[in-house]
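Next comes coords_30.txt, with compact mmCIF, C-alpha atoms.
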# COMPACT_ATOMS: atom_id res chain seq x y z
CA MET F 1 40.24 35.22 98.35
CA SER F 2 42.68 34.48 95.55
CA THR F 3 42.51 36.02 92.16
CA LYS F 4 41.56 32.75 90.52
CA ASP F 5 38.57 32.46 92.84
CA THR F 6 37.30 35.94 91.97
CA PRO F 7 34.25 35.73 89.65
CA VAL F 8 34.69 37.43 86.29
CA VAL F 9 31.88 39.71 85.19
CA GLY F 10 30.18 38.53 82.02
CA LYS F 11 31.65 35.04 82.25
CA THR F 12 29.69 31.92 83.23
CA ASP F 13 30.48 28.31 83.83
CA HIS F 14 27.11 27.17 82.56
CA ALA F 15 26.72 25.55 79.15
CA PRO F 16 24.96 27.59 76.45
CA VAL F 17 21.19 27.30 76.62
CA ASP F 18 19.29 26.63 73.39
CA ALA F 19 16.28 28.80 72.53
CA PRO F 20 13.05 27.24 73.83
CA ALA F 21 10.92 25.39 71.31
CA ALA F 22 7.92 27.20 69.88
CA ALA F 23 4.49 26.42 71.25
CA PRO F 24 2.72 23.56 69.45
CA ASP F 25 0.06 25.81 67.88
CA ALA F 26 2.35 28.75 67.12
CA VAL F 27 2.42 29.98 63.51
CA THR F 28 5.88 30.85 62.28
CA ALA F 29 6.09 33.94 60.10
CA VAL F 30 7.57 32.96 56.76
CA ASP F 31 8.26 35.13 53.76
CA PRO F 32 6.05 33.56 51.05
CA ARG F 33 8.56 34.36 48.32
CA LEU F 34 11.32 32.52 50.21
CA LEU F 35 8.97 29.61 50.89
CA VAL F 36 7.98 29.26 47.25
CA ARG F 37 11.60 29.47 46.11
CA GLN F 38 12.50 26.60 48.44
CA GLU F 39 9.45 24.35 48.01
CA GLY F 40 8.04 25.26 44.61
CA PHE F 41 4.32 24.61 44.17
CA LYS F 42 4.17 22.99 47.62
CA GLY F 43 5.20 26.35 49.04
CA TYR F 44 1.98 27.96 47.78
CA VAL F 45 -0.10 25.33 49.57
CA THR F 46 1.92 25.70 52.77
CA GLU F 47 1.68 29.49 52.67
CA PHE F 48 -2.06 29.35 51.99
CA ARG F 49 -2.61 27.08 54.99
CA ARG F 50 -0.47 29.35 57.17
CA LYS F 51 -2.55 32.38 56.19
CA ILE F 52 -5.84 30.60 56.92
CA ARG F 53 -4.63 29.42 60.34
CA SER F 54 -3.37 32.88 61.27
CA GLY F 55 -6.52 34.66 60.06
CA GLU F 56 -4.94 36.44 57.05
CA LEU F 57 -7.92 35.90 54.75
CA GLY F 58 -7.27 38.93 52.53
CA SER F 59 -9.62 39.06 49.55
CA ILE F 60 -10.43 35.33 49.62
CA PRO F 61 -13.93 35.68 51.18
CA VAL F 62 -15.04 38.44 48.78
CA VAL F 63 -13.76 36.57 45.70
CA ILE F 64 -15.56 33.40 46.77
CA GLY F 65 -18.68 35.44 47.52
CA LEU F 66 -18.53 37.14 44.12
CA ILE F 67 -18.27 33.79 42.33
CA ILE F 68 -21.29 32.47 44.25
CA ILE F 69 -23.31 35.63 43.53
CA TRP F 70 -22.56 35.46 39.82
CA ALA F 71 -23.36 31.74 39.65
CA ILE F 72 -26.72 32.23 41.40
CA PHE F 73 -27.89 35.17 39.29
CA GLN F 74 -26.66 33.59 36.05
CA SER F 75 -28.68 30.47 36.82
CA MET F 76 -31.73 32.68 37.40
CA ASP F 77 -31.27 34.83 34.28
CA SER F 78 -28.82 34.09 31.47
CA ALA F 79 -28.65 37.83 30.66
CA PHE F 80 -26.83 38.56 33.93
CA LEU F 81 -23.36 37.72 32.56
CA GLY F 82 -24.22 39.12 29.16
CA ALA F 83 -22.02 41.85 27.68
CA GLU F 84 -24.67 44.58 27.97
CA ASN F 85 -25.47 43.93 31.62
CA LEU F 86 -21.83 43.59 32.68
CA SER F 87 -20.89 46.78 30.82
CA LYS F 88 -23.70 48.74 32.47
CA LEU F 89 -22.76 47.21 35.82
CA ALA F 90 -19.16 48.40 35.39
CA VAL F 91 -20.25 51.93 34.46
CA ALA F 92 -22.66 52.15 37.41
CA MET F 93 -20.03 51.22 39.99
CA VAL F 94 -17.49 53.90 39.01
CA GLY F 95 -19.01 56.87 40.89
CA PRO F 96 -19.42 55.20 44.31
CA GLY F 97 -16.20 53.29 43.62
CA LEU F 98 -14.17 56.49 43.29
CA ILE F 99 -15.57 57.68 46.62
CA ALA F 100 -14.74 54.29 48.15
CA VAL F 101 -11.08 54.64 47.07
CA GLY F 102 -10.77 57.75 49.23
CA LEU F 103 -12.51 56.00 52.11
CA VAL F 104 -9.96 53.18 51.94
CA PHE F 105 -7.24 55.66 52.93
CA VAL F 106 -9.33 56.84 55.91
CA LEU F 107 -10.24 53.31 57.00
CA LEU F 108 -6.57 52.33 56.94
CA LEU F 109 -6.12 54.85 59.76
CA GLY F 110 -8.92 53.12 61.65
CA GLU F 111 -11.17 56.19 61.20
CA ILE F 112 -14.31 57.04 59.22
CA ASP F 113 -15.48 59.94 57.06
CA LEU F 114 -19.25 60.45 57.03
CA SER F 115 -19.15 63.60 54.91
CA VAL F 116 -18.10 62.14 51.55
CA GLY F 117 -21.67 61.97 50.22
CA SER F 118 -22.34 65.64 50.94
CA VAL F 119 -18.91 66.64 49.63
CA SER F 120 -19.62 64.81 46.36
CA GLY F 121 -22.89 66.70 45.94
CA LEU F 122 -21.30 70.06 46.77
CA ALA F 123 -18.48 69.47 44.26
CA ALA F 124 -21.02 68.71 41.53
CA ALA F 125 -22.92 71.89 42.42
CA VAL F 126 -19.73 73.99 42.31
CA PHE F 127 -18.88 72.60 38.88
CA ALA F 128 -22.40 73.18 37.53
CA VAL F 129 -22.60 76.79 38.75
CA LEU F 130 -19.18 77.68 37.38
CA ALA F 131 -19.48 75.86 34.05
CA VAL F 132 -23.14 76.57 33.27
CA ASN F 133 -24.21 79.71 35.15
CA GLU F 134 -20.91 81.60 35.19
CA GLY F 135 -19.53 80.47 31.82
CA VAL F 136 -16.18 79.28 33.23
CA GLY F 137 -14.35 76.72 31.10
CA GLU F 138 -15.17 73.14 32.07
CA VAL F 139 -11.54 72.29 32.78
CA TRP F 140 -11.21 75.13 35.29
CA ALA F 141 -14.62 74.34 36.77
CA LEU F 142 -13.58 70.71 37.22
CA ILE F 143 -10.33 71.75 38.93
CA ALA F 144 -12.29 74.08 41.23
CA ALA F 145 -14.66 71.24 42.14
CA LEU F 146 -11.78 68.88 42.96
CA LEU F 147 -10.04 71.59 45.00
CA THR F 148 -13.28 72.12 46.90
CA GLY F 149 -13.22 68.48 47.97
CA ALA F 150 -9.52 68.60 48.83
CA VAL F 151 -9.87 71.73 50.99
CA ILE F 152 -12.94 70.40 52.81
CA GLY F 153 -11.16 67.11 53.49
CA ALA F 154 -8.10 68.94 54.79
CA LEU F 155 -10.36 71.02 57.05
CA HIS F 156 -11.86 67.86 58.53
CA GLY F 157 -8.39 66.44 58.96
CA PHE F 158 -7.19 69.60 60.72
CA PHE F 159 -9.96 69.49 63.33
CA PHE F 160 -9.36 65.77 63.83
CA ALA F 161 -5.55 65.71 63.91
CA LYS F 162 -4.73 69.12 65.36
CA ILE F 163 -7.71 70.03 67.55
CA GLY F 164 -8.58 66.49 68.62
CA VAL F 165 -12.23 66.38 67.53
CA PRO F 166 -13.22 62.74 66.83
CA ALA F 167 -13.37 62.02 63.10
CA PHE F 168 -16.89 60.64 63.48
CA VAL F 169 -18.13 63.91 65.00
CA ILE F 170 -16.39 66.39 62.70
CA THR F 171 -17.36 64.51 59.52
CA LEU F 172 -20.93 64.09 60.77
CA ALA F 173 -21.06 67.85 61.19
CA GLY F 174 -19.62 68.13 57.68
CA LEU F 175 -22.33 65.85 56.32
CA LEU F 176 -24.95 68.34 57.47
CA ALA F 177 -23.03 71.54 56.72
CA TRP F 178 -21.92 70.70 53.18
CA SER F 179 -25.35 69.38 52.27
CA GLY F 180 -26.82 72.73 53.31
CA LEU F 181 -24.14 74.65 51.44
CA MET F 182 -24.88 72.61 48.31
CA LEU F 183 -28.50 73.78 48.43
CA GLU F 184 -27.34 77.39 48.75
CA VAL F 185 -24.95 77.02 45.81
CA LEU F 186 -27.63 75.49 43.58
CA GLY F 187 -30.01 78.32 44.33
CA SER F 188 -33.77 78.44 44.08
CA SER F 189 -34.01 76.26 40.98
CA GLY F 190 -32.43 73.32 42.80
CA THR F 191 -31.25 71.77 39.52
CA ILE F 192 -28.64 72.79 36.96
CA ASN F 193 -28.47 70.75 33.77
CA LEU F 194 -25.04 69.90 32.39
CA ASP F 195 -23.90 69.67 28.78
CA SER F 196 -24.22 65.96 28.01
CA ASP F 197 -21.51 66.29 25.36
CA GLY F 198 -19.18 68.29 27.60
CA LEU F 199 -16.14 67.21 29.59
CA VAL F 200 -18.05 65.88 32.60
CA GLY F 201 -21.00 64.67 30.54
CA ASN F 202 -18.73 62.33 28.58
CA LEU F 203 -17.40 60.64 31.71
CA THR F 204 -20.28 58.16 31.58
CA ARG F 205 -21.43 58.44 27.98
CA TYR F 206 -18.20 58.08 26.06
CA HIS F 207 -17.08 54.60 24.96
CA PHE F 208 -14.01 53.74 22.91
CA SER F 209 -15.83 51.97 20.11
CA ASP F 210 -12.64 50.80 18.38
CA VAL F 211 -11.96 47.22 19.54
CA ALA F 212 -8.25 48.00 19.56
CA ALA F 213 -8.74 50.39 22.48
CA ALA F 214 -9.98 47.75 24.92
CA TYR F 215 -7.49 45.12 23.81
CA GLY F 216 -4.68 47.68 23.77
CA ALA F 217 -5.51 48.76 27.33
CA ALA F 218 -5.54 45.11 28.43
CA ALA F 219 -2.18 44.45 26.77
CA LEU F 220 -0.68 47.58 28.33
CA ALA F 221 -1.90 46.59 31.79
CA VAL F 222 -0.49 43.08 31.48
CA ALA F 223 2.87 44.32 30.17
CA ALA F 224 3.11 46.94 32.93
CA PHE F 225 2.35 44.35 35.59
CA PHE F 226 4.97 41.93 34.27
CA LEU F 227 7.62 44.64 33.97
CA SER F 228 6.91 45.94 37.47
CA ALA F 229 7.04 42.45 39.02
CA PHE F 230 10.19 41.54 37.07
CA LEU F 231 12.08 44.71 38.01
CA ASP F 232 11.01 44.37 41.64
CA SER F 233 12.30 40.79 41.68
CA ARG F 234 15.63 41.89 40.18
CA ARG F 235 16.02 44.66 42.77
CA ARG F 236 15.33 42.24 45.60
CA GLU F 237 17.80 39.72 44.23
CA ALA F 238 20.47 42.43 43.95
CA ALA F 239 19.79 43.42 47.56
CA GLY F 240 20.10 39.80 48.69
CA VAL F 241 16.53 39.50 50.00
CA PRO F 242 13.86 36.94 49.06
CA SER F 243 12.23 37.55 45.70
CA ARG F 244 9.49 35.98 43.64
CA PRO F 245 10.74 33.33 41.21
CA MET F 246 10.26 33.94 37.50
CA SER F 247 7.79 31.04 37.29
CA GLU F 248 5.49 32.75 39.78
CA ILE F 249 5.72 36.08 37.96
CA ILE F 250 4.77 34.38 34.69
CA VAL F 251 1.81 32.56 36.29
CA ARG F 252 0.54 35.78 37.91
CA THR F 253 0.89 37.64 34.61
CA ALA F 254 -0.97 34.89 32.75
CA VAL F 255 -3.87 34.99 35.23
CA LEU F 256 -4.09 38.78 34.91
CA ALA F 257 -3.99 38.47 31.12
CA VAL F 258 -6.96 36.08 31.14
CA PHE F 259 -9.11 38.46 33.18
CA ALA F 260 -7.94 41.59 31.35
CA PHE F 261 -8.58 40.28 27.84
CA ALA F 262 -11.86 38.65 28.91
CA ALA F 263 -13.05 42.04 30.20
CA ALA F 264 -11.89 43.71 26.97
CA TRP F 265 -13.80 41.13 24.91
CA ILE F 266 -16.97 41.70 26.94
CA PHE F 267 -16.76 45.49 26.57
CA ASN F 268 -16.24 45.17 22.83
CA GLN F 269 -19.37 43.01 22.53
CA TYR F 270 -21.50 45.95 23.66
CA ARG F 271 -20.30 49.51 22.99
CA GLY F 272 -16.57 49.31 23.61
CA LEU F 273 -14.38 50.32 26.54
CA PRO F 274 -16.18 52.89 28.77
CA LEU F 275 -14.12 55.99 29.52
CA GLY F 276 -15.31 56.02 33.14
CA VAL F 277 -14.15 52.45 33.73
CA LEU F 278 -10.74 53.26 32.27
CA ILE F 279 -10.40 56.29 34.56
CA PHE F 280 -11.46 54.22 37.57
CA LEU F 281 -8.83 51.57 36.84
CA VAL F 282 -6.12 54.23 36.42
CA VAL F 283 -7.11 55.75 39.78
CA LEU F 284 -6.92 52.31 41.41
CA VAL F 285 -3.45 51.65 39.99
CA VAL F 286 -2.17 55.04 41.18
CA ALA F 287 -3.73 54.62 44.64
CA ASP F 288 -2.32 51.10 44.95
CA PHE F 289 1.13 52.35 43.95
CA VAL F 290 0.97 55.15 46.53
CA LEU F 291 -0.07 52.78 49.32
CA ARG F 292 2.29 49.91 48.55
CA ARG F 293 5.31 51.46 46.88
CA THR F 294 5.88 54.81 48.58
CA SER F 295 7.05 55.86 52.03
CA TYR F 296 3.80 57.83 52.38
CA GLY F 297 1.76 54.66 51.97
CA ARG F 298 3.88 52.84 54.54
CA LYS F 299 3.27 55.68 56.98
CA VAL F 300 -0.49 55.39 56.45
CA PHE F 301 -0.38 51.66 57.25
CA SER F 302 1.88 52.36 60.21
CA LEU F 303 -0.59 54.86 61.68
CA GLY F 304 -3.37 52.32 61.27
CA GLY F 305 -1.30 49.80 63.22
CA SER F 306 -0.23 52.04 66.10
CA VAL F 307 -0.32 55.82 66.39
CA GLU F 308 2.11 55.92 69.30
CA ALA F 309 4.63 53.63 67.61
CA SER F 310 4.41 55.76 64.47
CA ARG F 311 5.00 58.94 66.47
CA ARG F 312 8.04 57.39 68.17
CA ALA F 313 9.36 56.38 64.74
CA GLY F 314 9.41 60.04 63.72
CA ILE F 315 6.30 60.06 61.53
CA ASN F 316 4.46 63.37 61.34
CA VAL F 317 1.12 62.01 62.50
CA THR F 318 -0.76 65.30 62.08
CA ALA F 319 0.38 65.82 58.50
CA ILE F 320 -0.46 62.26 57.44
CA ARG F 321 -3.91 62.43 58.98
CA ILE F 322 -4.74 65.76 57.35
CA SER F 323 -3.49 64.54 53.96
CA VAL F 324 -5.52 61.33 54.17
CA PHE F 325 -8.76 63.20 54.82
CA SER F 326 -7.86 65.58 51.99
CA ILE F 327 -7.46 62.59 49.66
CA ALA F 328 -10.87 61.31 50.77
CA GLY F 329 -12.43 64.71 50.03
CA THR F 330 -10.80 64.88 46.59
CA MET F 331 -12.01 61.40 45.64
CA ALA F 332 -15.49 62.26 46.94
CA ALA F 333 -15.55 65.30 44.66
CA PHE F 334 -14.36 63.18 41.71
CA GLY F 335 -17.05 60.59 42.39
CA GLY F 336 -19.67 63.34 42.68
CA LEU F 337 -18.75 64.70 39.25
CA TYR F 338 -19.07 61.22 37.76
CA ILE F 339 -22.48 60.68 39.37
CA ALA F 340 -23.64 64.08 38.07
CA SER F 341 -22.45 62.99 34.64
CA ARG F 342 -24.79 59.98 34.71
CA ILE F 343 -27.89 62.19 34.99
CA ALA F 344 -26.34 65.20 33.19
CA ALA F 345 -27.32 67.46 36.08
CA ALA F 346 -26.45 68.66 39.56
CA ASN F 347 -29.50 68.68 41.80
CA GLN F 348 -30.61 68.76 45.43
CA SER F 349 -30.56 64.97 45.77
CA ALA F 350 -26.87 64.74 44.85
CA GLY F 351 -24.87 62.91 47.50
CA ALA F 352 -28.01 61.90 49.37
CA GLY F 353 -29.71 58.53 49.73
CA ASP F 354 -27.56 55.45 50.21
CA LEU F 355 -24.44 56.78 48.46
CA LEU F 356 -22.42 57.15 51.68
CA MET F 357 -23.37 53.70 52.91
CA LEU F 358 -22.59 52.11 49.54
CA ALA F 359 -19.12 53.68 49.46
CA ILE F 360 -18.31 52.57 53.00
CA ALA F 361 -19.75 49.12 52.39
CA ALA F 362 -17.69 48.73 49.21
CA ALA F 363 -14.41 49.46 51.00
CA VAL F 364 -15.23 47.13 53.89
CA ILE F 365 -16.73 44.30 51.82
CA GLY F 366 -13.71 44.49 49.52
CA GLY F 367 -11.36 43.63 52.39
CA THR F 368 -10.31 46.87 54.10
CA SER F 369 -10.39 46.38 57.87
CA LEU F 370 -12.57 48.59 60.03
CA PHE F 371 -9.83 48.45 62.67
CA GLY F 372 -7.20 50.06 60.44
CA GLY F 373 -3.82 48.93 59.17
CA ARG F 374 -5.07 46.35 56.66
CA GLY F 375 -6.55 46.74 53.19
CA SER F 376 -5.77 47.95 49.68
CA ALA F 377 -7.08 50.29 47.01
CA TRP F 378 -8.42 47.29 45.10
CA SER F 379 -10.89 46.75 47.95
CA ALA F 380 -13.00 49.50 46.37
CA LEU F 381 -13.21 47.57 43.10
CA LEU F 382 -14.00 44.19 44.68
CA GLY F 383 -16.56 45.67 47.06
CA MET F 384 -18.35 47.61 44.34
CA LEU F 385 -18.41 44.51 42.14
CA VAL F 386 -20.20 42.63 44.91
CA ILE F 387 -22.67 45.45 45.64
CA GLN F 388 -23.47 46.24 42.00
CA SER F 389 -23.72 42.54 41.14
CA ILE F 390 -26.36 42.10 43.85
CA SER F 391 -28.18 45.23 42.73
CA SER F 392 -28.08 44.29 39.05
CA GLY F 393 -29.07 40.68 39.63
CA LEU F 394 -32.04 41.60 41.82
CA ALA F 395 -33.11 44.32 39.37
CA LEU F 396 -33.23 41.72 36.59
CA GLN F 397 -35.55 39.69 38.83
CA GLY F 398 -37.77 42.71 39.47
CA VAL F 399 -36.95 42.84 43.19
CA GLU F 400 -37.63 46.16 44.92
CA SER F 401 -34.74 48.40 46.03
CA SER F 402 -35.75 47.99 49.68
CA VAL F 403 -34.94 44.28 49.48
CA GLN F 404 -31.68 45.08 47.70
CA ASN F 405 -30.68 47.33 50.59
CA MET F 406 -31.45 44.62 53.14
CA ILE F 407 -29.37 42.06 51.26
CA THR F 408 -26.46 44.49 50.88
CA ALA F 409 -26.70 45.23 54.62
CA ALA F 410 -26.57 41.51 55.37
CA VAL F 411 -23.44 41.11 53.22
CA LEU F 412 -21.82 44.07 55.01
CA ALA F 413 -22.68 42.58 58.42
CA ILE F 414 -21.20 39.22 57.45
CA THR F 415 -18.05 40.96 56.21
CA ALA F 416 -17.70 42.88 59.47
CA VAL F 417 -18.06 39.63 61.45
CA ILE F 418 -15.40 37.95 59.31
CA ASP F 419 -13.12 40.95 59.81
CA SER F 420 -13.55 40.81 63.59
CA VAL F 421 -13.02 37.04 63.77
CA SER F 422 -9.98 37.33 61.50
CA ARG F 423 -8.50 40.02 63.72
CA LYS F 424 -8.99 37.89 66.85
CA THR F 425 -7.38 34.92 65.09
CA GLN F 426 -4.38 37.04 64.14
CA LYS F 427 -4.02 38.22 67.75
CA THR F 428 -4.11 34.62 68.93
CA ALA F 429 -1.43 33.75 66.38
CA GLY F 430 0.64 36.76 67.49
CA ARG F 431 0.32 38.59 64.16
CA ALA F 432 -1.82 41.60 65.16
Show me, as structure tokens, the structure contained in the file I just sent.
Amino acid sequence: MSTKDTPVVGKTDHAPVDAPAAAPDAVTAVDPRLLVRQEGFKGYVTEFRRKIRSGELGSIPVVIGLIIIWAIFQSMDSAFLGAENLSKLAVAMVGPGLIAVGLVFVLLLGEIDLSVGSVSGLAAAVFAVLAVNEGVGEVWALIAALLTGAVIGALHGFFFAKIGVPAFVITLAGLLAWSGLMLEVLGSSGTINLDSDGLVGNLTRYHFSDVAAAYGAAALAVAAFFLSAFLDSRRREAAGVPSRPMSEIIVRTAVLAVFAFAAAWIFNQYRGLPLGVLIFLVVLVVADFVLRRTSYGRKVFSLGGSVEASRRAGINVTAIRISVFSIAGTMAAFGGLYIASRIAAANQSAGAGDLLMLAIAAAVIGGTSLFGGRGSAWSALLGMLVIQSISSGLALQGVESSVQNMITAAVLAITAVIDSVSRKTQKTAGRA
């Protein structure tokens, strides 16, 4: 055989083959910011259709549901959207909402924490005993209560991540154990009254009566959002990656401004901006920043997507899991203190009843997936708005709490079905 007849490795006589065409029903992944920059307003419509086809519903169902709920109850009673009712609704949702924020972190892992109700009651009991019975300063008592929640959460996380006990089992055991410990801490009286004018007492009672406070908070939130979006866009442009156009940033800021100043106006029509609501919003902003803007948040989402892939990527799975349950315990303790503030007491019923179910339902109804890897801190706000709106609207109609629970359960079931169908749609589209 001559040299010219010898085949050369890596060389072919065939013509280059083009990549095969995509399947007719395939959904091409497109960066929405790049799409909008190329197509303008048409890009929003195209991106919206793509998300619907691929099952990325996000918060669309809960927003539509909230609008329908408000329209129905407003038609039944004009006081529903009145300033007093909306202000009381906002104050009532803070306690369970704070607990729901912590549960969002756990749900993003695809896990559950059944102990948050008991932890919230124990934290309130610890604060009451230290601040009232032992004469410890309220600031130190509050720190001790929050640390109690953090340590308990970390303990649950340790047994789950290190020992391998299922989260459902270890937190179910915690639900029983911490409820019993709360009774021991409270003692024979079973109830410890708090100072209604103290640090914790003011969490629900204090309102910023000056109209400038609510409007100032709204202006600060709008300015911070615009600055954050603008700087992020500039960084992306400098890095040569798709970024949101200035027109979109302005539109988003304008929409936020409408809602922010409308809420400020409503609060000022009653008693002013509630301190608890302000704290809740700050917690949501911080939690959202942690989840979306930090490497820690990306690791949490990664674990919710695939534990094995995260481990292969070098993520310390054990540490992340323990920290997430610790966050859930801390937020449960914070929510428990707020709930104790509403009745100015820590008692044996703290953390009992439907508190756990309301917190879980809020996170799920708000858009956090039960399967992990999808959701946001704002799910807690949206979910609690839906739940408290139903509760408030039915209360105005004189409907019994048993019926309220059944309706809330129905909404939760519908949300779970939507979540499951959405997940199957994403798998079909190759996006899950």
Per-residue nearest contacts of stretch 158-225 of chain F to stretch 316-336 of chain F (9 Å; all atoms listed in the file) as CSV:
residue,atom,partner,partner_atom,distance
F:Phe158,CA,F:Ile322,CA,5.7
F:Phe159,CA,F:Ile322,CA,8.8
F:Phe160,CA,F:Ile322,CA,8.0
F:Ala161,CA,F:Thr318,CA,5.1
F:Lys162,CA,F:Thr318,CA,6.4
Create the file for the chosen residues now, containing C-alpha atoms and written as a compact mmCIF listing (two decimals), in the coordinates of the input.
# COMPACT_ATOMS: atom_id res chain seq x y z
CA PHE F 158 -7.19 69.60 60.72
CA PHE F 159 -9.96 69.49 63.33
CA PHE F 160 -9.36 65.77 63.83
CA ALA F 161 -5.55 65.71 63.91
CA LYS F 162 -4.73 69.12 65.36
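In terms of minimum interatomic distance to F:Val386, F:Pro61 ranks closest within F:Pro61, F:Val132, F:Ser349, F:Gly153, counting all atoms listed in the file.
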| query | At what distance in Å, to one decimal, does atom CA of F:Leu103 lie from atom CA of F:Ile67? | reply |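 Separation between atom CA of F:Ile67 and atom CA of F:Leu103: 24.9 Å.
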| Distance atom CA of F:Leu394-atom CA of F:Ala362, one decimal place? | 17.6 Å
For the point (-12.4, 55.8, 31.4) in the file's frame, write as a PDB file with C-alpha atoms, in the frame of the given file all residues with an atom no more than 9 Å away, counting all atoms listed in the file.
ATOM      1  CA  LEU F 203     -17.400  60.640  31.710  1.00  0.00           C
ATOM      2  CA  THR F 204     -20.280  58.160  31.580  1.00  0.00           C
ATOM      3  CA  TYR F 206     -18.200  58.080  26.060  1.00  0.00           C
ATOM      4  CA  HIS F 207     -17.080  54.600  24.960  1.00  0.00           C
ATOM      5  CA  PHE F 208     -14.010  53.740  22.910  1.00  0.00           C
ATOM      6  CA  LEU F 273     -14.380  50.320  26.540  1.00  0.00           C
ATOM      7  CA  PRO F 274     -16.180  52.890  28.770  1.00  0.00           C
ATOM      8  CA  LEU F 275     -14.120  55.990  29.520  1.00  0.00           C
ATOM      9  CA  GLY F 276     -15.310  56.020  33.140  1.00  0.00           C
ATOM     10  CA  VAL F 277     -14.150  52.450  33.730  1.00  0.00           C
ATOM     11  CA  LEU F 278     -10.740  53.260  32.270  1.00  0.00           C
ATOM     12  CA  ILE F 279     -10.400  56.290  34.560  1.00  0.00           C
ATOM     13  CA  PHE F 280     -11.460  54.220  37.570  1.00  0.00           C
ATOM     14  CA  LEU F 281      -8.830  51.570  36.840  1.00  0.00           C
ATOM     15  CA  VAL F 282      -6.120  54.230  36.420  1.00  0.00           C
TER      16      VAL F 282
END
| Residue nearest F:Phe371 - candidates F:Leu114, F:Asn133, F:Ser420, F:Asn347, atoms counted: only C-alpha atoms |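 When distances to F:Phe371 are compared using only C-alpha atoms, the smallest one comes from F:Ser420.
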| All residues 10 Å or closer to stretch 380-382 of chain F, all atoms listed in the file, same chain fewer than 4 positions away omitted, as an NGL selection string | :F and (59 or 62-63 or 66 or 90 or 93-94 or 96-104 or 280-281 or 284 or 359-368 or 375-376 or 386-387)
Sorted by chain and rising residue number, which residues of stretch 62-160 of chain F lie within 8 Å of stretch 352-356 of chain F, and what are their closest atom pairs and distances in Å to one decimal, counting only C-alpha atoms, as a tab-separated table?
residue	atom	partner	partner_atom	distance
F:Pro96	CA	F:Leu355	CA	6.7
F:Leu114	CA	F:Leu356	CA	7.0
F:Ser115	CA	F:Leu356	CA	7.9
F:Val116	CA	F:Leu356	CA	6.6
F:Gly117	CA	F:Leu356	CA	5.1
F:Ser118	CA	F:Ala352	CA	7.0
F:Gly121	CA	F:Ala352	CA	7.8
| query | Distance atom CA of F:Glu134-atom CA of F:Gln348, one decimal place? | reply | 19.1 Å
| message | Restricting the calculation to only C-alpha atoms: of F:Thr253, F:Gly201, F:Ala410, F:Ser196, which residue gets closest to F:Ala224? | response |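 Going through F:Thr253, F:Gly201, F:Ala410, F:Ser196 one by one, the smallest distance to F:Ala224 is for F:Thr253.
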Will you model N, CA, C and O atoms for stretch 245-253 of chain F and pass it back as a short mmCIF file (atom, residue, chain, number, x, y, z; two decimals), in the coordinates of the input?
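File produced: out.cif:
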data_model
loop_
_atom_site.label_atom_id
_atom_site.label_comp_id
_atom_site.auth_asym_id
_atom_site.auth_seq_id
_atom_site.Cartn_x
_atom_site.Cartn_y
_atom_site.Cartn_z
N PRO F 245 10.11 34.00 42.34
CA PRO F 245 10.74 33.33 41.21
C PRO F 245 10.06 33.71 39.90
O PRO F 245 8.90 34.10 39.88
N MET F 246 10.79 33.58 38.80
CA MET F 246 10.26 33.94 37.50
C MET F 246 9.00 33.14 37.16
O MET F 246 8.07 33.65 36.53
N SER F 247 8.96 31.86 37.57
CA SER F 247 7.79 31.04 37.29
C SER F 247 6.53 31.62 37.90
O SER F 247 5.46 31.64 37.29
N GLU F 248 6.64 32.16 39.13
CA GLU F 248 5.49 32.75 39.78
C GLU F 248 5.06 34.04 39.08
O GLU F 248 3.87 34.30 38.90
N ILE F 249 6.03 34.84 38.66
CA ILE F 249 5.72 36.08 37.96
C ILE F 249 4.97 35.78 36.66
O ILE F 249 3.99 36.45 36.31
N ILE F 250 5.41 34.75 35.95
CA ILE F 250 4.77 34.38 34.69
C ILE F 250 3.34 33.89 34.94
O ILE F 250 2.41 34.25 34.20
N VAL F 251 3.15 33.07 35.98
CA VAL F 251 1.81 32.56 36.29
C VAL F 251 0.88 33.71 36.66
O VAL F 251 -0.27 33.78 36.18
N ARG F 252 1.35 34.64 37.52
CA ARG F 252 0.54 35.78 37.91
C ARG F 252 0.17 36.63 36.69
O ARG F 252 -0.96 37.10 36.56
N THR F 253 1.14 36.85 35.81
CA THR F 253 0.89 37.64 34.61
C THR F 253 -0.13 36.96 33.71
O THR F 253 -1.01 37.62 33.13
#
